[in-house]
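Next comes coords_14.cif, with mmCIF, C-alpha atoms and all ligand atoms.
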```
data_upload
loop_
_atom_site.label_atom_id
_atom_site.label_comp_id
_atom_site.auth_asym_id
_atom_site.auth_seq_id
_atom_site.Cartn_x
_atom_site.Cartn_y
_atom_site.Cartn_z
CA MET A 1 25.41 15.27 -25.19
CA THR A 2 23.75 17.94 -27.32
CA ASP A 3 22.52 21.01 -25.48
CA ARG A 4 18.86 21.11 -26.50
CA LEU A 5 17.09 24.46 -26.92
CA VAL A 6 13.44 25.24 -26.15
CA LEU A 7 11.51 28.43 -26.89
CA VAL A 8 8.97 29.18 -24.12
CA ILE A 9 5.96 31.33 -25.02
CA ASN A 10 3.37 32.91 -22.75
CA CYS A 11 0.79 34.75 -24.83
CA GLY A 12 -1.74 37.18 -23.35
CA SER A 13 -4.45 39.22 -25.05
CA SER A 14 -2.15 42.25 -25.35
CA SER A 15 1.25 40.72 -24.67
CA LEU A 16 3.68 38.03 -25.78
CA LYS A 17 6.38 36.91 -23.35
CA PHE A 18 9.15 34.67 -24.60
CA ALA A 19 12.38 33.03 -23.45
CA LEU A 20 14.92 30.86 -25.22
CA LEU A 21 16.43 28.33 -22.82
CA SER A 22 19.07 25.70 -23.18
CA GLU A 23 19.10 22.41 -21.32
CA SER A 24 22.40 23.11 -19.59
CA ASP A 25 22.39 26.83 -18.77
CA ASN A 26 20.16 28.33 -16.08
CA LYS A 27 20.06 31.77 -17.70
CA PRO A 28 17.92 32.27 -20.85
CA LEU A 29 19.93 32.89 -24.03
CA LEU A 30 17.25 35.39 -25.07
CA SER A 31 14.15 36.72 -23.33
CA GLY A 32 11.65 39.46 -23.93
CA LEU A 33 8.17 40.85 -23.86
CA ALA A 34 6.01 42.32 -26.60
CA GLU A 35 3.41 44.62 -25.02
CA ARG A 36 0.47 46.83 -25.96
CA LEU A 37 -0.44 44.43 -28.76
CA GLY A 38 -3.79 45.28 -30.29
CA THR A 39 -2.80 48.99 -30.32
CA ALA A 40 -0.64 51.11 -32.61
CA GLU A 41 1.90 51.42 -29.75
CA GLY A 42 2.90 47.76 -29.86
CA VAL A 43 6.51 47.31 -28.78
CA MET A 44 8.88 44.42 -28.12
CA ASN A 45 11.73 44.67 -25.61
CA TRP A 46 14.29 41.88 -25.57
CA LYS A 47 17.64 41.07 -24.03
CA ALA A 48 20.36 38.55 -24.71
CA GLY A 49 23.32 38.68 -22.32
CA GLU A 50 24.36 42.34 -22.21
CA ILE A 51 22.45 43.28 -25.39
CA ARG A 52 19.06 44.98 -24.90
CA GLU A 53 16.91 46.30 -27.70
CA GLN A 54 13.45 47.60 -28.46
CA VAL A 55 11.55 46.77 -31.65
CA PRO A 56 8.31 48.58 -32.56
CA ILE A 57 5.38 46.31 -33.49
CA ARG A 58 3.61 49.03 -35.48
CA ASP A 59 0.52 47.10 -36.53
CA GLY A 60 0.20 45.72 -32.97
CA ARG A 61 -0.49 42.22 -34.29
CA HIS A 62 0.47 39.02 -32.45
CA SER A 63 1.53 37.58 -35.83
CA THR A 64 4.00 40.45 -36.37
CA ALA A 65 5.40 40.04 -32.85
CA MET A 66 5.84 36.30 -33.44
CA SER A 67 7.56 36.73 -36.80
CA SER A 68 9.87 39.39 -35.26
CA LEU A 69 11.07 36.58 -33.01
CA LEU A 70 12.40 34.44 -35.84
CA PRO A 71 15.49 36.54 -36.72
CA LEU A 72 16.30 36.82 -32.99
CA ILE A 73 16.15 33.06 -32.58
CA GLU A 74 18.36 32.62 -35.65
CA ARG A 75 20.83 35.10 -34.15
CA PHE A 76 21.04 33.71 -30.59
CA ALA A 77 20.24 29.99 -30.88
CA HIS A 78 23.50 28.07 -31.31
CA GLN A 79 21.58 25.14 -32.78
CA PRO A 80 18.04 24.35 -34.00
CA LEU A 81 15.21 24.43 -31.42
CA VAL A 82 13.79 21.05 -30.34
CA ALA A 83 10.39 22.38 -29.20
CA VAL A 84 8.23 25.39 -28.44
CA GLY A 85 6.64 25.22 -24.96
CA HIS A 86 3.38 27.16 -24.50
CA ARG A 87 2.19 28.19 -21.05
CA ILE A 88 -1.58 27.63 -20.93
CA VAL A 89 -3.59 28.83 -17.94
CA HIS A 90 -6.51 26.40 -17.92
CA GLY A 91 -6.50 22.76 -18.96
CA GLY A 92 -9.73 21.84 -17.17
CA GLU A 93 -9.73 18.19 -16.06
CA HIS A 94 -8.35 17.05 -19.38
CA PHE A 95 -4.64 17.52 -18.73
CA THR A 96 -2.50 16.07 -15.95
CA GLY A 97 0.82 16.96 -17.56
CA ALA A 98 2.59 18.40 -20.60
CA SER A 99 0.99 17.51 -23.95
CA ILE A 100 2.20 17.67 -27.54
CA ILE A 101 -0.19 20.07 -29.26
CA ASN A 102 -2.40 18.49 -31.92
CA ASP A 103 -6.02 19.09 -33.01
CA GLU A 104 -7.40 17.18 -30.03
CA VAL A 105 -5.34 19.24 -27.56
CA ILE A 106 -6.41 22.48 -29.26
CA ASP A 107 -10.07 21.37 -28.95
CA ALA A 108 -9.60 20.64 -25.24
CA ILE A 109 -7.96 24.06 -24.65
CA GLN A 110 -10.91 25.62 -26.48
CA GLN A 111 -13.35 23.74 -24.27
CA ALA A 112 -11.56 24.98 -21.14
CA SER A 113 -11.88 28.57 -22.44
CA ALA A 114 -15.26 28.93 -20.71
CA LEU A 115 -13.32 28.60 -17.42
CA ALA A 116 -10.58 31.09 -18.41
CA PRO A 117 -12.13 33.46 -20.96
CA LEU A 118 -9.39 36.08 -20.56
CA HIS A 119 -6.48 33.67 -20.96
CA ASN A 120 -7.12 30.55 -23.03
CA PRO A 121 -8.32 32.28 -26.25
CA ALA A 122 -5.21 34.52 -26.26
CA GLN A 123 -3.00 31.50 -25.68
CA LEU A 124 -4.65 29.69 -28.59
CA THR A 125 -3.75 32.70 -30.75
CA GLY A 126 -0.16 32.32 -29.54
CA ILE A 127 -0.15 28.62 -30.47
CA ASP A 128 -1.61 29.34 -33.89
CA GLU A 129 0.92 32.08 -34.72
CA ALA A 130 3.88 30.15 -33.31
CA MET A 131 2.96 27.04 -35.31
CA LYS A 132 3.08 29.13 -38.49
CA VAL A 133 6.50 30.61 -37.70
CA PHE A 134 8.11 27.49 -36.10
CA SER A 135 6.36 24.92 -38.24
CA ASP A 136 8.74 21.96 -38.23
CA ILE A 137 9.18 21.24 -34.48
CA PRO A 138 6.82 19.94 -31.77
CA HIS A 139 4.73 22.50 -29.87
CA ILE A 140 4.01 21.47 -26.29
CA ALA A 141 1.32 22.80 -23.93
CA ILE A 142 2.15 23.17 -20.22
CA PHE A 143 -0.90 23.91 -18.08
CA ASP A 144 -1.04 25.96 -14.87
CA THR A 145 -3.79 23.62 -13.70
CA ALA A 146 -2.15 20.25 -14.53
CA PHE A 147 0.00 19.95 -11.39
CA HIS A 148 -3.11 20.22 -9.19
CA GLN A 149 -4.94 17.36 -10.90
CA SER A 150 -3.54 15.11 -8.15
CA MET A 151 -5.81 16.85 -5.57
CA PRO A 152 -8.27 14.43 -3.96
CA ALA A 153 -12.02 15.01 -4.45
CA HIS A 154 -12.41 16.25 -0.87
CA ALA A 155 -10.05 19.12 -1.77
CA TYR A 156 -11.33 19.96 -5.26
CA ARG A 157 -15.12 19.67 -4.87
CA TYR A 158 -17.29 22.61 -3.83
CA ALA A 159 -20.32 21.86 -1.65
CA LEU A 160 -22.66 22.55 -4.58
CA PRO A 161 -25.18 20.35 -6.41
CA GLU A 162 -23.35 17.50 -8.16
CA TYR A 163 -24.61 18.31 -11.67
CA LEU A 164 -22.75 21.63 -11.59
CA TYR A 165 -19.57 19.56 -11.35
CA THR A 166 -20.43 16.67 -13.65
CA GLU A 167 -22.15 18.72 -16.38
CA HIS A 168 -20.49 22.13 -16.08
CA GLY A 169 -17.02 21.49 -14.62
CA VAL A 170 -17.64 23.60 -11.50
CA ARG A 171 -14.84 22.46 -9.16
CA ARG A 172 -11.55 23.74 -7.80
CA TYR A 173 -8.66 23.49 -10.32
CA GLY A 174 -5.84 25.60 -8.86
CA PHE A 175 -3.23 27.62 -10.78
CA HIS A 176 0.49 28.55 -10.63
CA GLY A 177 1.18 24.79 -10.80
CA THR A 178 4.43 25.28 -12.73
CA SER A 179 5.82 27.55 -10.02
CA HIS A 180 4.65 25.43 -7.05
CA ARG A 181 6.17 22.36 -8.68
CA TYR A 182 9.46 24.10 -9.48
CA VAL A 183 10.08 25.61 -6.04
CA SER A 184 9.11 22.45 -4.17
CA SER A 185 11.55 20.35 -6.21
CA GLN A 186 14.27 22.97 -5.66
CA ALA A 187 13.53 22.88 -1.91
CA SER A 188 13.94 19.09 -1.92
CA LEU A 189 17.34 19.44 -3.61
CA LEU A 190 18.39 22.23 -1.22
CA LEU A 191 17.62 20.00 1.79
CA GLY A 192 19.38 16.99 0.26
CA MET A 193 16.29 15.00 -0.77
CA GLN A 194 15.25 13.61 -4.16
CA PRO A 195 13.42 16.28 -6.27
CA ASP A 196 10.03 14.61 -5.78
CA GLN A 197 10.40 14.06 -2.02
CA GLY A 198 9.15 16.07 0.92
CA ALA A 199 6.11 17.64 2.55
CA TRP A 200 5.95 21.31 1.58
CA LEU A 201 3.77 24.35 2.02
CA THR A 202 4.44 26.82 -0.79
CA ALA A 203 3.41 30.47 -1.11
CA HIS A 204 3.65 31.95 -4.63
CA LEU A 205 3.23 35.70 -4.06
CA GLY A 206 3.31 37.85 -7.20
CA ASN A 207 0.53 39.98 -8.68
CA GLY A 208 -1.51 36.79 -8.41
CA CYS A 209 -0.97 34.82 -5.19
CA SER A 210 -1.62 31.21 -4.20
CA THR A 211 -0.57 28.63 -1.64
CA CYS A 212 -0.16 24.89 -2.13
CA ALA A 213 0.35 21.74 -0.03
CA ILE A 214 2.69 19.29 -1.77
CA LEU A 215 3.60 15.77 -0.68
CA ASP A 216 6.29 13.84 -2.58
CA GLY A 217 5.83 15.87 -5.77
CA GLN A 218 2.00 15.78 -5.71
CA SER A 219 -0.25 18.77 -5.11
CA LEU A 220 -2.78 17.82 -2.42
CA ASP A 221 -4.55 21.16 -2.07
CA THR A 222 -4.18 24.76 -3.16
CA SER A 223 -5.82 28.11 -2.42
CA MET A 224 -7.03 29.06 -5.91
CA GLY A 225 -10.20 27.40 -7.14
CA MET A 226 -12.28 27.27 -10.28
CA THR A 227 -10.74 30.60 -11.28
CA PRO A 228 -7.65 32.50 -10.07
CA LEU A 229 -9.83 34.76 -7.90
CA GLU A 230 -10.30 32.35 -4.98
CA GLY A 231 -8.05 32.34 -1.95
CA LEU A 232 -5.45 34.91 -0.94
CA VAL A 233 -5.49 38.70 -1.08
CA MET A 234 -3.67 39.67 -4.33
CA GLY A 235 -2.55 42.86 -6.09
CA THR A 236 -6.00 43.86 -7.35
CA ARG A 237 -7.98 40.64 -6.69
CA SER A 238 -10.06 40.22 -3.56
CA GLY A 239 -9.43 36.53 -2.88
CA ASP A 240 -12.14 34.89 -0.75
CA VAL A 241 -15.27 36.91 0.01
CA ASP A 242 -18.70 35.85 1.24
CA PRO A 243 -20.47 34.37 -1.83
CA ASN A 244 -23.55 36.35 -0.80
CA LEU A 245 -21.64 39.56 -1.52
CA HIS A 246 -22.74 39.32 -5.16
CA SER A 247 -26.46 39.28 -4.42
CA HIS A 248 -26.03 41.89 -1.67
CA LEU A 249 -24.35 44.34 -4.10
CA ALA A 250 -26.94 43.61 -6.78
CA ARG A 251 -29.81 44.22 -4.35
CA THR A 252 -28.44 47.23 -2.49
CA LEU A 253 -26.41 49.05 -5.18
CA GLY A 254 -28.03 47.67 -8.33
CA TRP A 255 -24.66 46.44 -9.65
CA ASP A 256 -24.68 43.98 -12.54
CA LEU A 257 -22.33 41.00 -12.79
CA ASP A 258 -19.79 42.80 -14.99
CA ARG A 259 -19.47 45.59 -12.42
CA ILE A 260 -19.05 43.09 -9.57
CA ASP A 261 -16.55 41.06 -11.60
CA HIS A 262 -14.51 44.17 -12.36
CA MET A 263 -14.51 45.28 -8.73
CA LEU A 264 -13.41 41.87 -7.42
CA ASN A 265 -10.69 41.36 -10.05
CA ARG A 266 -9.38 44.88 -10.68
CA GLU A 267 -10.26 47.21 -7.79
CA SER A 268 -9.79 44.98 -4.74
CA GLY A 269 -6.89 43.20 -3.03
CA LEU A 270 -3.94 45.34 -1.92
CA LEU A 271 -5.18 48.21 -4.11
CA GLY A 272 -8.69 48.20 -2.65
CA LEU A 273 -7.56 47.82 0.96
CA SER A 274 -4.83 50.47 0.80
CA GLY A 275 -6.57 52.93 -1.52
CA LEU A 276 -3.01 53.56 -2.71
CA SER A 277 -1.41 50.85 -4.87
CA ASN A 278 -1.44 47.20 -5.91
CA ASP A 279 2.36 47.15 -5.70
CA MET A 280 3.84 45.68 -2.52
CA ARG A 281 7.02 47.80 -2.78
CA THR A 282 4.94 51.00 -2.70
CA LEU A 283 2.90 49.69 0.23
CA VAL A 284 5.92 48.64 2.30
CA ALA A 285 7.44 52.11 1.79
CA ALA A 286 4.14 53.88 2.62
CA ARG A 287 3.68 51.73 5.72
CA GLU A 288 7.08 52.89 6.96
CA GLU A 289 5.83 56.47 6.55
CA GLY A 290 2.76 55.60 8.67
CA HIS A 291 0.15 55.36 5.86
CA ASP A 292 -2.93 53.72 7.46
CA GLY A 293 -4.29 52.09 4.28
CA ALA A 294 -0.90 50.59 3.39
CA THR A 295 -0.47 49.30 6.95
CA LEU A 296 -3.89 47.63 6.91
CA ALA A 297 -3.35 46.16 3.41
CA VAL A 298 -0.04 44.52 4.39
CA ASP A 299 -1.51 43.26 7.69
CA VAL A 300 -4.55 41.69 5.99
CA PHE A 301 -2.36 40.22 3.21
CA CYS A 302 -0.04 38.49 5.72
CA TYR A 303 -2.76 37.33 8.12
CA ARG A 304 -4.87 35.82 5.34
CA LEU A 305 -1.76 34.21 3.86
CA ALA A 306 -0.87 32.63 7.23
CA ARG A 307 -4.47 31.47 7.66
CA SER A 308 -4.38 29.80 4.24
CA LEU A 309 -1.06 28.07 4.99
CA ALA A 310 -2.36 26.86 8.36
CA GLY A 311 -5.48 25.49 6.64
CA LEU A 312 -3.49 23.69 3.95
CA ALA A 313 -1.28 22.08 6.59
CA VAL A 314 -4.11 19.59 7.28
CA ALA A 315 -3.41 18.04 3.86
CA LEU A 316 0.10 17.00 4.97
CA PRO A 317 1.36 14.34 7.39
CA ARG A 318 4.20 16.66 8.52
CA ILE A 319 5.86 19.88 7.34
CA ASP A 320 9.42 19.61 5.97
CA GLY A 321 9.40 23.27 5.04
CA LEU A 322 7.51 26.41 4.11
CA ILE A 323 8.60 28.04 0.84
CA PHE A 324 8.20 31.68 -0.21
CA THR A 325 8.45 32.60 -3.90
CA GLY A 326 7.21 35.14 -6.49
CA GLY A 327 8.10 38.87 -6.55
CA ILE A 328 6.75 39.47 -3.03
CA GLY A 329 7.74 36.11 -1.53
CA GLU A 330 11.33 36.42 -2.80
CA ASN A 331 11.86 40.11 -2.03
CA SER A 332 9.85 41.19 1.00
CA PRO A 333 11.41 40.40 4.40
CA LEU A 334 8.49 42.24 6.03
CA VAL A 335 5.82 40.02 4.43
CA ARG A 336 7.74 36.87 5.38
CA GLU A 337 8.26 38.08 8.96
CA LEU A 338 4.63 39.15 9.52
CA THR A 339 3.29 35.94 7.98
CA ILE A 340 5.52 33.70 10.10
CA SER A 341 4.55 35.70 13.21
CA HIS A 342 1.03 34.21 12.84
CA LEU A 343 2.33 30.64 12.52
CA ALA A 344 4.00 30.11 15.91
CA LEU A 345 1.61 27.20 16.51
CA PHE A 346 3.60 25.22 13.93
CA GLY A 347 6.90 25.99 15.67
CA LEU A 348 7.90 28.21 12.73
CA ASN A 349 10.36 30.90 13.68
CA ILE A 350 12.39 33.19 11.42
CA ASP A 351 16.05 34.26 11.71
CA PRO A 352 15.96 38.07 11.17
CA ALA A 353 19.47 38.28 9.68
CA ALA A 354 18.83 35.42 7.24
CA ASN A 355 15.45 36.95 6.37
CA ALA A 356 17.03 40.18 5.06
CA THR A 357 17.15 39.92 1.26
CA PRO A 358 20.81 39.54 0.17
CA PRO A 359 22.15 40.81 -3.18
CA GLY A 360 21.40 38.34 -5.95
CA ASN A 361 18.61 36.80 -3.85
CA PRO A 362 19.77 33.17 -3.98
CA ALA A 363 17.68 30.19 -2.86
CA ARG A 364 18.25 29.90 0.89
CA GLN A 365 16.94 28.93 4.33
CA ILE A 366 15.83 31.66 6.73
CA GLN A 367 14.53 29.78 9.81
CA ALA A 368 15.85 30.25 13.34
CA ALA A 369 17.42 27.28 15.17
CA ASN A 370 14.87 24.60 16.10
CA SER A 371 12.21 25.83 13.64
CA PRO A 372 11.03 23.72 10.69
CA ALA A 373 12.72 24.89 7.47
CA ILE A 374 11.58 28.22 6.00
CA LEU A 375 12.92 28.72 2.49
CA VAL A 376 13.09 31.55 -0.03
CA ILE A 377 13.35 30.10 -3.53
CA PRO A 378 13.28 32.28 -6.66
CA THR A 379 10.76 30.75 -9.03
CA ASP A 380 11.65 30.00 -12.65
CA GLU A 381 8.58 29.00 -14.59
CA GLU A 382 10.41 29.10 -17.94
CA ARG A 383 13.00 26.64 -16.63
CA GLN A 384 10.26 24.32 -15.34
CA ILE A 385 8.41 24.52 -18.68
CA THR A 386 11.66 23.73 -20.52
CA GLU A 387 12.29 20.72 -18.29
CA GLU A 388 8.76 19.41 -18.76
CA CYS A 389 9.07 19.81 -22.55
CA LEU A 390 12.35 17.89 -22.59
CA GLU A 391 10.95 15.15 -20.28
CA LEU A 392 8.01 14.72 -22.65
CA LEU A 393 10.28 14.53 -25.72
CA ASP A 394 12.47 11.95 -23.94
CA ALA A 395 9.41 9.89 -22.95
CA LYS A 396 8.13 9.97 -26.54
CA ALA A 397 11.57 8.96 -27.85
CA THR A 398 11.67 5.87 -25.62
CA GLN A 399 8.04 4.80 -26.30
CA PRO A 400 7.80 1.59 -28.34
CA VAL A 401 6.69 2.25 -31.93
CA GLU A 402 3.04 1.16 -32.30
CA GLN A 403 2.57 -1.78 -34.64
CA GLU A 404 -0.07 -1.38 -37.31
CA ALA A 405 -3.04 -3.74 -36.86
P1 LIG G 1 3.79 38.53 -11.62
O1 LIG G 1 2.76 37.77 -10.86
O2 LIG G 1 3.22 39.57 -12.53
O3 LIG G 1 4.88 37.67 -12.26
P2 LIG G 1 5.90 39.24 -9.74
O4 LIG G 1 6.15 37.83 -9.32
O5 LIG G 1 6.97 39.95 -10.49
O6 LIG G 1 4.53 39.42 -10.50
O7 LIG G 1 5.58 40.06 -8.39
C1 LIG G 1 5.19 41.40 -8.42
C2 LIG G 1 5.05 41.86 -6.98
O8 LIG G 1 6.30 41.70 -6.31
C3 LIG G 1 4.66 43.33 -6.87
O9 LIG G 1 3.68 43.50 -5.87
C4 LIG G 1 5.97 43.95 -6.41
O10 LIG G 1 5.76 45.12 -5.65
C5 LIG G 1 6.52 42.86 -5.53
N1 LIG G 1 7.94 43.10 -5.24
C6 LIG G 1 8.99 43.10 -6.07
N2 LIG G 1 10.13 43.46 -5.41
C7 LIG G 1 9.75 43.71 -4.12
C8 LIG G 1 10.45 44.14 -2.94
N3 LIG G 1 11.75 44.38 -2.95
N4 LIG G 1 9.73 44.26 -1.80
C9 LIG G 1 8.40 44.03 -1.77
N5 LIG G 1 7.70 43.64 -2.85
C10 LIG G 1 8.36 43.47 -4.00
#
```

Show this structure as structure tokens.
Amino acid sequence: MTDRLVLVINCGSSSLKFALLSESDNKPLLSGLAERLGTAEGVMNWKAGEIREQVPIRDGRHSTAMSSLLPLIERFAHQPLVAVGHRIVHGGEHFTGASIINDEVIDAIQQASALAPLHNPAQLTGIDEAMKVFSDIPHIAIFDTAFHQSMPAHAYRYALPEYLYTEHGVRRYGFHGTSHRYVSSQASLLLGMQPDQGAWLTAHLGNGCSTCAILDGQSLDTSMGMTPLEGLVMGTRSGDVDPNLHSHLARTLGWDLDRIDHMLNRESGLLGLSGLSNDMRTLVAAREEGHDGATLAVDVFCYRLARSLAGLAVALPRIDGLIFTGGIGENSPLVRELTISHLALFGLNIDPAANATPPGNPARQIQAANSPAILVIPTDEERQITEECLELLDAKATQPVEQEA
């Protein structure tokens, strides 16, 4: 069988992340990040095996970053690419899975831009530039929201007037779908089930954080909502607050919406609570030194996380396991321990030795005897995107050719 290659692209307004993956090898053949695009200090760092290099992107243009990729692909791809997979943050209600990018798909991503104004336009730029450079292969969109389209109405509707949903798309969408899907299928395999079997609670804890309830490969509820601000405490995002906070700040401090938006997205979360840092490593170290802000930030983070997981449990008929992933979920024994300490009601109990992060951080179980499974599973969104691209290509290849009328 040929070993098919996929280039995965995640384009932000000032960055371009990429990875070249093969069907058979878990490690990317090439991966990298172009940063500070839009400035004269644009730079691309990449690695392939032991080789690491830095390339200046002097004009700071996305198009230059994308065309700098071509010689790298020619150097490290052992055969032609079969597809380019694009990570897209918001697909609105239009997309329930991976989609080959055509004019209609581009229109739908544009329409969803109102719901993700910081992400979707940048990702459309990435699609546009990549289609120019890699013009003769399919481009496939993979949406962060698509996995959560299986949520029932009672989980995705807000208690707001109906026309805000029907006419303006105001509902809960959820994000991080690629990661929740990946780690839950890995958990199924680890516990000897089929990849789409099992009742899971997942906690993706990176700079952005969300939880999800998954039954037999379907998302039934998740903590993020219409935007990635709802739900858990995150690095700089507040997560849930009283919706009246906005009018209170406007009335009492005279803040406008941009100021409130900035505060909730950039000055809150772990950073706001601790007054020190948005980075969990810094906070765990400062907490050990007795820093009050860091101690409070970690305590609130873990309590609110446990509360979210307990709430999502009502979506499931049973719990086969609780999964931690993302930079914090994979690497912080303290966060896992504190979170589980609030979940004794569910019989969850951690094994301290197994909870310590081993070198290499493999996927593993960390529960004590007679506790439901607690798993640490490193996420791999690029691998999941590659698999979804290949599944879509396979499905297209086996579709009957349409007869002309
Ligand atoms: P992103 O959402 O940007 O992909 P990551 O998944 O890489 O982010 O997660 C970043 C977070 O993971 C940061 O808060 C970082 O401090 C935290 N993290 C990484 N390693 C550790 C560690 N050993 N202990 C605690 N937190 C960690």

Practice prompt. Could you check which of A:Thr357, A:Ser332, A:Gly347, A:Ile385 is closest to ligand LIG 1 (chain G), using all atoms listed in the file?
Written response: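 The closest residue to ligand LIG 1 (chain G) is A:Ser332.
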
Contact table chain A vs ligand LIG 1 (chain G), cut-off 12 Å, shortest pair per residue, only C-alpha atoms and all ligand atoms, as a tab-separated table:
```
residue	atom	partner	partner_atom	distance
A:Asn10	CA	G:LIG1	O3	11.6
A:Lys17	CA	G:LIG1	O3	11.2
A:Phe175	CA	G:LIG1	O1	11.8
A:His176	CA	G:LIG1	O1	9.5
A:Ser179	CA	G:LIG1	O4	10.3
A:Ala203	CA	G:LIG1	O4	11.4
A:His204	CA	G:LIG1	O4	7.9
A:Leu205	CA	G:LIG1	O4	6.4
A:Gly206	CA	G:LIG1	O7	3.4
A:Asn207	CA	G:LIG1	O1	3.8
A:Gly208	CA	G:LIG1	O1	5.0
A:Cys209	CA	G:LIG1	O1	7.4
A:Ser210	CA	G:LIG1	O1	10.3
A:Pro228	CA	G:LIG1	O1	11.7
A:Val233	CA	G:LIG1	O9	11.4
A:Met234	CA	G:LIG1	O9	8.4
A:Gly235	CA	G:LIG1	O9	6.3
A:Thr236	CA	G:LIG1	O9	9.8
A:Arg237	CA	G:LIG1	O1	11.9
A:Gly269	CA	G:LIG1	O9	10.9
A:Leu270	CA	G:LIG1	O9	8.8
A:Leu271	CA	G:LIG1	O9	10.2
A:Ser277	CA	G:LIG1	O9	9.0
A:Asn278	CA	G:LIG1	O9	6.3
A:Asp279	CA	G:LIG1	O9	3.9
A:Met280	CA	G:LIG1	O10	3.7
A:Arg281	CA	G:LIG1	O10	4.1
A:Thr282	CA	G:LIG1	O10	6.6
A:Leu283	CA	G:LIG1	O10	8.0
A:Val284	CA	G:LIG1	C9	6.6
A:Ala285	CA	G:LIG1	C9	8.9
A:Ala286	CA	G:LIG1	C9	11.6
A:Arg287	CA	G:LIG1	C9	11.7
A:Ala297	CA	G:LIG1	O9	11.9
A:Val298	CA	G:LIG1	C9	10.5
A:Phe301	CA	G:LIG1	O9	11.4
A:Phe324	CA	G:LIG1	O4	11.2
A:Thr325	CA	G:LIG1	O4	7.9
A:Gly326	CA	G:LIG1	O4	4.0
A:Gly327	CA	G:LIG1	O7	3.3
A:Ile328	CA	G:LIG1	O8	4.0
A:Gly329	CA	G:LIG1	O8	7.5
A:Glu330	CA	G:LIG1	C7	7.6
A:Asn331	CA	G:LIG1	C8	4.4
A:Ser332	CA	G:LIG1	N4	4.2
A:Pro333	CA	G:LIG1	N4	7.5
A:Leu334	CA	G:LIG1	C9	8.0
A:Val335	CA	G:LIG1	C9	7.8
A:Arg336	CA	G:LIG1	C9	10.1
A:Ala356	CA	G:LIG1	N3	10.5
A:Thr357	CA	G:LIG1	N3	8.2
A:Pro358	CA	G:LIG1	N3	10.7
A:Pro359	CA	G:LIG1	N3	11.0
A:Gly360	CA	G:LIG1	N3	11.8
A:Asn361	CA	G:LIG1	N3	10.3
A:Pro378	CA	G:LIG1	O4	9.4
A:Thr379	CA	G:LIG1	O4	8.5
A:Asp380	CA	G:LIG1	O4	10.1
A:Glu381	CA	G:LIG1	O3	9.7
A:Glu382	CA	G:LIG1	O3	11.7
```

Worksheet item: Quick one, how far is atom CA of A:Ala354 from atom CA of A:Asp292?
Response: 28.4 Å

Worksheet item: When you draw a straight line from atom CA of A:Gln218 to atom CA of A:Asp25, how long is it in Å?
Response: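 If I compute the distance from atom CA of A:Gln218 to atom CA of A:Asp25, I get 26.6 Å.
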
Worksheet item: Which residue gives the smallest distance to A:Ser31 among A:Ala130, A:Cys302, A:Ile57, A:Ile73, with only C-alpha atoms counted?
Response: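 Once distances to A:Ser31 are computed over only C-alpha atoms, the minimum belongs to A:Ile73.
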
Worksheet item: Nearest to A:Leu322 among A:Thr202, A:Gln399, A:Thr339, A:Asn45, with distances taken over all atoms listed in the file: which residue is it?
Response: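 Using all atoms listed in the file, A:Leu322 sits closest to A:Thr202.
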
Worksheet item: Quick one: residues within 10 Å of A:Ser68, only C-alpha atoms counted, chain neighbours fewer than 5 positions away excluded, as a ChimeraX atom specification?
Response: /A:34,44,55-57,62-63,73,133

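Between atom CA of A:His342 and atom CA of A:Ala153 the separation is 28.9 Å.
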
Practice prompt. Go through A:Gln186, A:Ser247, A:Asn349, A:Thr2 one by one, measure the shortest atom-to-atom distance of each to A:Ile377 using all atoms listed in the file, and give the residue with the smallest value.
Written response: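 The answer is A:Gln186, which sits nearest to A:Ile377.
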
Worksheet item: Pick the closest to A:Ile323 from A:Gly91, A:Leu392, A:Gln365, A:Gly254: which is it, counting all atoms listed in the file?
Response: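 Checking each candidate against A:Ile323, we get A:Gln365 as the closest.
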
Worksheet entry | Residue contacts of A:Arg157 (12 Å, all atoms listed in the file) excluding same-chain residues fewer than 4 positions away, as a ChimeraX atom specification | /A:151-153,161-166,169-174,221,225-226

Worksheet entry | Selection: 7 Å around A:Ala122, all atoms listed in the file, excl. self and same-chain fewer than 2 positions, as a PyMOL selection string | chain A and resi 11-13+119-120+124-126

Fill in: Nearby residues (only C-alpha atoms) at most 8 Å from A:Leu201, same-chain spacing under 5 positions excluded, as a list of chain:residue names
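Counting only the stated atoms, we get A:Thr211, A:Cys212, A:Ala213, A:Ile214, A:Leu309, A:Leu312, A:Ala313, A:Ile319, A:Gly321, A:Leu322, A:Ile323.
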
Response to the item:
Between A:Leu33, A:Leu220, A:Val183, A:Ala141, smallest distance to A:Ala108 by all atoms listed in the file belongs to A:Ala141

Put the listed atoms of stretch 364-375 of chain A in a box along x, y and z with 8 Å added on every side and give me the centre and edge lengths in Å to one decimal, as JSON.
```
{"center_x": 14.6, "center_y": 27.7, "center_z": 8.5, "size_x": 23.2, "size_y": 23.9, "size_z": 31.2}
```
